[in-house]
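Asker: One file is attached below, target-v1.cif, containing mmCIF, C-alpha atoms.
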data_entry
loop_
_atom_site.group_PDB
_atom_site.id
_atom_site.type_symbol
_atom_site.label_atom_id
_atom_site.label_comp_id
_atom_site.auth_asym_id
_atom_site.auth_seq_id
_atom_site.Cartn_x
_atom_site.Cartn_y
_atom_site.Cartn_z
ATOM 1 C CA MET A 235 24.501 -37.930 72.128
ATOM 2 C CA GLN A 236 26.085 -36.608 68.934
ATOM 3 C CA TRP A 237 24.887 -39.638 66.966
ATOM 4 C CA LEU A 238 21.294 -39.020 68.044
ATOM 5 C CA ARG A 239 21.408 -35.376 66.957
ATOM 6 C CA ASP A 240 23.063 -36.253 63.638
ATOM 7 C CA MET A 241 20.379 -38.850 62.888
ATOM 8 C CA TRP A 242 17.796 -36.044 62.632
ATOM 9 C CA THR A 243 19.851 -33.070 61.436
ATOM 10 C CA GLN A 244 22.475 -34.351 59.003
ATOM 11 C CA GLU A 245 22.132 -34.043 55.221
ATOM 12 C CA GLY A 246 20.455 -36.869 53.373
ATOM 13 C CA PRO A 247 22.473 -38.886 50.816
ATOM 14 C CA GLY A 248 22.827 -37.536 47.293
ATOM 15 C CA ILE A 249 23.655 -39.032 43.912
ATOM 16 C CA PRO A 250 26.845 -38.808 41.828
ATOM 17 C CA LYS A 251 26.771 -35.804 39.490
ATOM 18 C CA ASP A 252 27.837 -37.928 36.511
ATOM 19 C CA ALA A 253 25.220 -40.644 37.051
ATOM 20 C CA PRO A 254 22.885 -41.173 34.041
ATOM 21 C CA ALA A 255 19.460 -39.643 34.445
ATOM 22 C CA LYS A 256 16.666 -42.013 35.380
ATOM 23 C CA THR A 257 12.953 -41.573 34.785
ATOM 24 C CA GLY A 258 9.659 -43.183 35.705
ATOM 25 C CA LEU A 259 9.633 -46.220 37.953
ATOM 26 C CA ALA A 260 13.430 -46.532 37.774
ATOM 27 C CA LEU A 261 13.790 -43.041 39.233
ATOM 28 C CA PHE A 262 11.111 -43.770 41.850
ATOM 29 C CA ALA A 263 12.953 -46.919 42.935
ATOM 30 C CA ASP A 264 16.309 -45.137 42.932
ATOM 31 C CA ILE A 265 15.073 -42.340 45.205
ATOM 32 C CA LEU A 266 13.338 -44.853 47.458
ATOM 33 C CA ALA A 267 16.521 -46.908 47.809
ATOM 34 C CA ARG A 268 18.554 -43.783 48.533
ATOM 35 C CA GLU A 269 16.156 -42.107 50.969
ATOM 36 C CA TRP A 270 14.456 -45.066 52.674
ATOM 37 C CA TRP A 271 15.913 -44.339 56.109
ATOM 38 C CA GLU A 272 14.964 -40.666 55.838
ATOM 39 C CA MET A 273 11.435 -41.779 54.951
ATOM 40 C CA VAL A 274 11.267 -43.961 58.056
ATOM 41 C CA LYS A 275 12.252 -40.982 60.196
ATOM 42 C CA LEU A 276 9.845 -38.762 58.274
ATOM 43 C CA ASN A 277 7.067 -41.242 58.984
ATOM 44 C CA ILE A 278 7.818 -41.044 62.714
ATOM 45 C CA LEU A 279 7.784 -37.242 62.599
ATOM 46 C CA PHE A 280 4.457 -37.299 60.784
ATOM 47 C CA ILE A 281 2.875 -39.569 63.399
ATOM 48 C CA LEU A 282 4.184 -37.451 66.284
ATOM 49 C CA ALA A 283 2.953 -34.248 64.625
ATOM 50 C CA CYS A 284 -0.506 -35.781 64.123
ATOM 51 C CA LEU A 285 -1.049 -36.746 67.761
ATOM 52 C CA PRO A 286 -3.214 -33.655 68.481
ATOM 53 C CA VAL A 287 -5.374 -34.670 65.434
ATOM 54 C CA VAL A 288 -6.120 -31.051 64.457
ATOM 55 C CA THR A 289 -2.525 -30.775 63.243
ATOM 56 C CA LEU A 290 -3.043 -33.479 60.606
ATOM 57 C CA PRO A 291 -3.274 -31.089 57.594
ATOM 58 C CA ALA A 292 -0.130 -29.228 58.671
ATOM 59 C CA ALA A 293 1.698 -32.529 59.146
ATOM 60 C CA ILE A 294 0.644 -33.589 55.646
ATOM 61 C CA ALA A 295 1.970 -30.300 54.221
ATOM 62 C CA ALA A 296 5.279 -30.681 56.063
ATOM 63 C CA THR A 297 5.636 -34.259 54.834
ATOM 64 C CA ALA A 298 4.836 -33.105 51.295
ATOM 65 C CA ARG A 299 7.517 -30.415 51.436
ATOM 66 C CA VAL A 300 10.194 -32.907 52.491
ATOM 67 C CA SER A 301 8.946 -35.381 49.862
ATOM 68 C CA VAL A 302 9.300 -32.745 47.144
ATOM 69 C CA ALA A 303 12.893 -32.239 48.275
ATOM 70 C CA PHE A 304 13.462 -35.990 47.812
ATOM 71 C CA VAL A 305 11.976 -35.837 44.310
ATOM 72 C CA GLU A 306 14.099 -32.824 43.339
ATOM 73 C CA ASP A 307 17.237 -34.331 44.907
ATOM 74 C CA ARG A 308 17.799 -31.349 47.189
ATOM 75 C CA ASN A 309 19.698 -31.576 50.450
ATOM 76 C CA THR A 310 17.337 -32.171 53.354
ATOM 77 C CA TYR A 311 17.794 -31.476 57.043
ATOM 78 C CA LEU A 312 14.838 -33.535 58.121
ATOM 79 C CA LEU A 313 13.898 -32.175 61.526
ATOM 80 C CA ARG A 314 14.551 -28.553 60.575
ATOM 81 C CA ASP A 315 12.763 -28.732 57.225
ATOM 82 C CA PHE A 316 9.775 -30.585 58.659
ATOM 83 C CA THR A 317 9.391 -28.181 61.579
ATOM 84 C CA GLU A 318 9.723 -25.069 59.424
ATOM 85 C CA ALA A 319 7.160 -26.360 56.942
ATOM 86 C CA PHE A 320 4.782 -27.428 59.704
ATOM 87 C CA LEU A 321 4.783 -23.926 61.193
ATOM 88 C CA HIS A 322 4.847 -22.060 57.876
ATOM 89 C CA TYR A 323 1.900 -23.876 56.302
ATOM 90 C CA PHE A 324 -0.123 -24.556 59.459
ATOM 91 C CA TRP A 325 -3.090 -22.237 58.878
ATOM 92 C CA ARG A 326 -3.246 -22.599 55.097
ATOM 93 C CA ALA A 327 -3.005 -26.375 55.312
ATOM 94 C CA THR A 328 -5.667 -26.487 58.003
ATOM 95 C CA ALA A 329 -8.074 -24.374 55.930
ATOM 96 C CA TRP A 330 -7.487 -26.402 52.765
ATOM 97 C CA GLY A 331 -7.663 -29.645 54.711
ATOM 98 C CA LEU A 332 -11.063 -28.742 56.114
ATOM 99 C CA ALA A 333 -12.415 -27.678 52.719
ATOM 100 C CA LEU A 334 -11.107 -30.749 50.903
ATOM 101 C CA THR A 335 -12.314 -33.108 53.639
ATOM 102 C CA VAL A 336 -15.826 -31.682 53.404
ATOM 103 C CA GLY A 337 -15.772 -31.944 49.607
ATOM 104 C CA LEU A 338 -14.516 -35.523 49.570
ATOM 105 C CA ALA A 339 -16.937 -36.540 52.318
ATOM 106 C CA LEU A 340 -19.860 -35.151 50.313
ATOM 107 C CA GLY A 341 -18.607 -36.923 47.189
ATOM 108 C CA ILE A 342 -18.261 -40.266 48.960
ATOM 109 C CA TYR A 343 -21.687 -39.854 50.542
ATOM 110 C CA ALA A 344 -23.193 -39.144 47.132
ATOM 111 C CA ILE A 345 -21.475 -42.207 45.641
ATOM 112 C CA PHE A 346 -22.834 -44.561 48.305
ATOM 113 C CA SER A 347 -26.299 -42.973 48.169
ATOM 114 C CA TYR A 348 -26.611 -43.229 44.389
ATOM 115 C CA ALA A 349 -25.079 -46.713 44.368
ATOM 116 C CA ALA A 350 -27.683 -47.926 46.830
ATOM 117 C CA GLY A 351 -30.504 -46.348 44.804
ATOM 118 C CA ALA A 352 -29.170 -47.526 41.438
ATOM 119 C CA ARG A 353 -29.875 -51.137 42.394
ATOM 120 C CA ASP A 354 -33.594 -50.426 42.089
ATOM 121 C CA LYS A 355 -33.662 -47.400 39.790
ATOM 122 C CA LEU A 356 -31.452 -47.565 36.723
ATOM 123 C CA MET A 357 -31.862 -43.824 36.118
ATOM 124 C CA LEU A 358 -29.630 -43.182 39.134
ATOM 125 C CA ALA A 359 -26.687 -44.715 37.273
ATOM 126 C CA ALA A 360 -26.033 -41.385 35.533
ATOM 127 C CA PRO A 361 -25.720 -39.285 38.711
ATOM 128 C CA LEU A 362 -23.675 -42.127 40.231
ATOM 129 C CA ALA A 363 -21.188 -41.866 37.369
ATOM 130 C CA VAL A 364 -21.055 -38.077 37.784
ATOM 131 C CA ALA A 365 -20.427 -38.439 41.520
ATOM 132 C CA LEU A 366 -17.636 -40.965 40.886
ATOM 133 C CA VAL A 367 -15.893 -38.757 38.331
ATOM 134 C CA ALA A 368 -16.302 -35.594 40.416
ATOM 135 C CA THR A 369 -14.962 -37.243 43.574
ATOM 136 C CA ALA A 370 -12.011 -38.767 41.725
ATOM 137 C CA PHE A 371 -11.226 -35.390 40.142
ATOM 138 C CA LEU A 372 -11.383 -33.702 43.553
ATOM 139 C CA ALA A 373 -8.989 -36.302 44.993
ATOM 140 C CA VAL A 374 -6.557 -35.757 42.097
ATOM 141 C CA THR A 375 -6.874 -31.978 42.500
ATOM 142 C CA ALA A 376 -6.128 -32.327 46.213
ATOM 143 C CA CYS A 377 -2.882 -34.149 45.398
ATOM 144 C CA HIS A 378 -1.761 -31.398 43.035
ATOM 145 C CA LEU A 379 -2.886 -28.641 45.398
ATOM 146 C CA ILE A 380 -0.862 -29.988 48.343
ATOM 147 C CA VAL A 381 2.332 -30.173 46.296
ATOM 148 C CA LEU A 382 1.707 -26.802 44.657
ATOM 149 C CA MET A 383 1.191 -25.212 48.063
ATOM 150 C CA VAL A 384 4.564 -26.369 49.385
ATOM 151 C CA MET A 385 6.440 -25.539 46.181
ATOM 152 C CA ARG A 386 5.224 -21.971 45.739
ATOM 153 C CA ASP A 387 3.400 -19.466 47.952
ATOM 154 C CA LEU A 388 0.346 -18.494 45.886
ATOM 155 C CA PRO A 389 -3.039 -16.848 46.540
ATOM 156 C CA ALA A 390 -5.783 -19.354 47.308
ATOM 157 C CA LEU A 391 -7.779 -18.916 44.101
ATOM 158 C CA ARG A 392 -4.738 -19.105 41.871
ATOM 159 C CA LEU A 393 -3.547 -22.177 43.757
ATOM 160 C CA LEU A 394 -6.898 -23.855 43.175
ATOM 161 C CA ARG A 395 -6.940 -22.934 39.473
ATOM 162 C CA LEU A 396 -3.434 -24.278 38.900
ATOM 163 C CA ALA A 397 -4.246 -27.479 40.801
ATOM 164 C CA ALA A 398 -7.334 -28.003 38.651
ATOM 165 C CA LEU A 399 -5.349 -27.278 35.485
ATOM 166 C CA ALA A 400 -2.648 -29.768 36.475
ATOM 167 C CA SER A 401 -5.335 -32.344 37.218
ATOM 168 C CA VAL A 402 -6.790 -31.935 33.730
ATOM 169 C CA ALA A 403 -3.375 -31.960 32.051
ATOM 170 C CA ARG A 404 -1.928 -35.057 33.789
ATOM 171 C CA PRO A 405 -4.494 -36.941 35.910
ATOM 172 C CA LEU A 406 -3.070 -40.463 35.471
ATOM 173 C CA PRO A 407 0.130 -40.081 37.543
ATOM 174 C CA ALA A 408 -1.907 -38.691 40.446
ATOM 175 C CA LEU A 409 -4.363 -41.564 40.157
ATOM 176 C CA ALA A 410 -1.423 -43.988 40.150
ATOM 177 C CA ALA A 411 -0.092 -42.330 43.317
ATOM 178 C CA LEU A 412 -3.494 -42.711 44.973
ATOM 179 C CA ALA A 413 -3.497 -46.362 43.885
ATOM 180 C CA VAL A 414 -0.097 -46.824 45.586
ATOM 181 C CA ASN A 415 -1.552 -45.385 48.785
ATOM 182 C CA ALA A 416 -4.557 -47.695 48.552
ATOM 183 C CA ALA A 417 -2.256 -50.683 47.935
ATOM 184 C CA LEU A 418 -0.166 -49.846 51.003
ATOM 185 C CA TRP A 419 -3.189 -49.829 53.279
ATOM 186 C CA LEU A 420 -4.728 -52.866 51.591
ATOM 187 C CA ALA A 421 -1.492 -54.772 52.212
ATOM 188 C CA HIS A 422 -1.588 -53.651 55.830
ATOM 189 C CA ILE A 423 -5.100 -55.056 56.194
ATOM 190 C CA LEU A 424 -4.530 -58.289 54.265
ATOM 191 C CA PHE A 425 -1.291 -59.234 55.995
ATOM 192 C CA TYR A 426 -2.248 -58.160 59.512
ATOM 193 C CA PRO A 427 -0.826 -58.854 62.125
ATOM 194 C CA VAL A 428 2.442 -59.426 60.227
ATOM 195 C CA SER A 429 2.039 -55.926 58.755
ATOM 196 C CA VAL A 430 1.305 -54.288 62.099
ATOM 197 C CA PHE A 431 4.421 -52.072 61.874
ATOM 198 C CA MET A 432 3.763 -50.785 58.335
ATOM 199 C CA PRO A 433 1.940 -47.574 59.388
ATOM 200 C CA ALA A 434 4.568 -46.843 62.037
ATOM 201 C CA THR A 435 7.508 -47.235 59.671
ATOM 202 C CA PHE A 436 6.681 -46.087 56.142
ATOM 203 C CA ASN A 437 3.007 -46.054 55.075
ATOM 204 C CA PHE A 438 2.475 -42.309 55.524
ATOM 205 C CA SER A 439 5.818 -41.037 54.257
ATOM 206 C CA LEU A 440 5.962 -43.472 51.329
ATOM 207 C CA GLY A 441 2.383 -42.610 50.401
ATOM 208 C CA MET A 442 3.142 -38.881 50.352
ATOM 209 C CA PHE A 443 6.364 -39.466 48.452
ATOM 210 C CA ALA A 444 4.366 -41.374 45.825
ATOM 211 C CA VAL A 445 2.004 -38.402 45.530
ATOM 212 C CA ALA A 446 4.836 -35.863 45.277
ATOM 213 C CA PHE A 447 6.648 -37.989 42.698
ATOM 214 C CA GLY A 448 3.492 -38.566 40.672
ATOM 215 C CA VAL A 449 2.306 -34.957 40.452
ATOM 216 C CA HIS A 450 5.643 -33.134 40.393
ATOM 217 C CA ARG A 451 5.938 -32.924 36.606
ATOM 218 C CA ALA A 452 2.413 -31.570 36.208
ATOM 219 C CA VAL A 453 2.983 -29.043 38.987
ATOM 220 C CA VAL A 454 6.185 -27.780 37.373
ATOM 221 C CA LEU A 455 4.344 -27.569 34.051
ATOM 222 C CA VAL A 456 1.537 -25.351 35.341
ATOM 223 C CA LEU A 457 3.915 -23.194 37.364
ATOM 224 C CA ASP A 458 5.951 -22.539 34.229
ATOM 225 C CA LEU A 459 2.925 -21.450 32.204
ATOM 226 C CA PRO A 460 2.170 -18.144 33.997
ATOM 227 C CA GLU A 461 5.693 -17.582 35.331
ATOM 228 C CA ALA A 462 8.011 -18.902 32.658
ATOM 229 C CA MET A 463 10.930 -16.730 33.751
ATOM 230 C CA GLN A 464 10.844 -17.732 37.433
ATOM 231 C CA PRO A 465 12.716 -20.769 38.839
ATOM 232 C CA HIS A 466 10.491 -23.742 39.650
ATOM 233 C CA ARG A 467 12.998 -25.992 41.368
ATOM 234 C CA HIS A 468 12.756 -24.227 44.693
ATOM 235 C CA PHE A 469 9.788 -23.127 46.732
ATOM 236 C CA LYS A 470 9.555 -19.608 48.041
ATOM 237 C CA ASN A 471 10.856 -19.053 51.552
ATOM 238 C CA SER A 472 8.723 -17.318 54.128
#
Hey, can you dump this file as structure tokens for me?

Answerer:
Amino acid sequence: MQWLRDMWTQEGPGIPKDAPAKTGLALFADILAREWWEMVKLNILFILACLPVVTLPAAIAATARVSVAFVEDRNTYLLRDFTEAFLHYFWRATAWGLALTVGLALGIYAIFSYAAGARDKLMLAAPLAVALVATAFLAVTACHLIVLMVMRDLPALRLLRLAALASVARPLPALAALAVNAALWLAHILFYPVSVFMPATFNFSLGMFAVAFGVHRAVVLVLDLPEAMQPHRHFKNS
């Protein structure tokens, strides 16, 4: 059974130290090609961790922590890292998950309500636009907040302020990451039943990796502003 244990506990593949640095989509594709099997296993772990439903926010945080390790090209021991993150961030992730879910639900409700009313009353177009922008900003802030949370242990208010600051500084990469997530699920719907195995194999882990990759630079930027002398390549251990 050694092979079965090694599949979940061995180090992920790295890159040659003399390889030229890649950026943007080339770097995204390079990491994806290097870590694709780890992402498949991560996707399975995520699904298993979400079976009780109430553990969904903690599973998202654990997946985000492993995804950040992929982005930063750190060694990963998948099962150990996922389990430690799941337990470490359980209560914080659950609290933030509840708050963000309520906020996004209210924003989406407002969008649909104003959109329905704007058909008859043009004056409702203004609040509709405000609701759209506010909901999009909250979604972008949520992306930055999740990655910030797993990169550095911070008080709740400071975490929220830094997430908002990162969202203002670099909103487009986070929006692109959300677009990747939407495209994954749209492809699943359009190509069903051929795409029936997409959620089971990579939709969740690839979606979170896209988020971590998209917001990582902004997160590092805002972490460096108040704590310029502290290392930002590693999150704080419990």

Asker: On this file, the PyMOL selection byres ((chain A and resi 371) around 12) gives some set of residues; write that set as a PyMOL selection string.

Answerer: chain A and resi 334+337-338+341+364-370+372-379+397-406+408-409+412

Asker: When you count only C-alpha atoms, which of these residues is closest to Met385 in chain A: A:Phe438, A:Val287, A:Phe425, A:His450?

Answerer: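 Smallest separation from Met385 in chain A among the options: A:His450.
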
Asker: Within 7 Å of Pro291 in chain A, counting all atoms listed in the file, which residues qualify if same-chain residues fewer than 2 places away don't, as an mmCIF file with C-alpha atoms, in the frame of the given file?

Answerer:
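This went into around29.cif:
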data_model
loop_
_atom_site.group_PDB
_atom_site.id
_atom_site.type_symbol
_atom_site.label_atom_id
_atom_site.label_comp_id
_atom_site.auth_asym_id
_atom_site.auth_seq_id
_atom_site.Cartn_x
_atom_site.Cartn_y
_atom_site.Cartn_z
ATOM 1 C CA THR A 289 -2.525 -30.775 63.243
ATOM 2 C CA ALA A 293 1.698 -32.529 59.146
ATOM 3 C CA ILE A 294 0.644 -33.589 55.646
ATOM 4 C CA ALA A 295 1.970 -30.300 54.221
ATOM 5 C CA ALA A 327 -3.005 -26.375 55.312
ATOM 6 C CA THR A 328 -5.667 -26.487 58.003
ATOM 7 C CA GLY A 331 -7.663 -29.645 54.711
#

Asker: Quick one: distance from CA of Gly258 in chain A to CA of Leu279 in chain A in Å, one decimal?

Answerer: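 Separation of CA of Gly258 in chain A and CA of Leu279 in chain A: 27.6 Å.
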
Asker: Tell me, in Å to one decimal, how far CA of Phe320 in chain A is from CA of Cys284 in chain A.

Answerer: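 So the answer is 10.8 Å.
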
Asker: Residues at most 7 Å from Met273 in chain A, counting all atoms listed in the file, excluding those fewer than 6 positions away in the same chain, as a list of chain:residue names?

Answerer: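 Final neighbour list, sorted by chain and number: A:Phe436, A:Ser439, A:Leu440.
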
Asker: CA of Glu306 in chain A and CA of Asn415 in chain A are how many Å apart?

Answerer: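 Between these atoms lies a distance of 20.8 Å.
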
Asker: Show me the residues around (5.5, -45.3, 60.7) - criterion: an atom at most 6 Å away, all atoms listed in the file counted - as an MDAnalysis selection string.

Answerer: chainID A and resid 277:278 433:436

Asker: Choose the residue, out of A:Leu393, A:Leu424, A:Ala352, A:Ile380, that has the smallest atom-to-atom separation from Thr297 in chain A; count only C-alpha atoms.

Answerer: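 Result for the nearest residue to Thr297 in chain A: A:Ile380.
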
Asker: From the options A:Leu362, A:Phe304, A:Leu459, A:Val336, which residue's atoms come nearest to Ala267 in chain A, counting only C-alpha atoms?

Answerer: A:Phe304

Asker: Which protein, DNA or RNA residues are at most 8 Å from (7.5, -43.3, 41.2) in the file's coordinates when you count only C-alpha atoms, listed as a ChimeraX atom specification?

Answerer: /A:258-263,411,444,447-448

Asker: Considering all atoms listed in the file, can you say which of A:Ala255, A:Met442, A:Val428, A:Leu332 comes closest to Phe280 in chain A?

Answerer: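 Looking at the shortest contact to Phe280 in chain A, the residue is A:Met442.
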
Asker: If I wrap all listed atoms of range 271-279 of chain A in a box with edges along x, y and z and add 8 Å on each side, what are its centre and edge lengths in Å to one decimal, as lines of an AutoDock Vina configuration file?

Answerer:
center_x = 11.5
center_y = -40.8
center_z = 58.8
size_x = 24.8
size_y = 23.1
size_z = 23.8
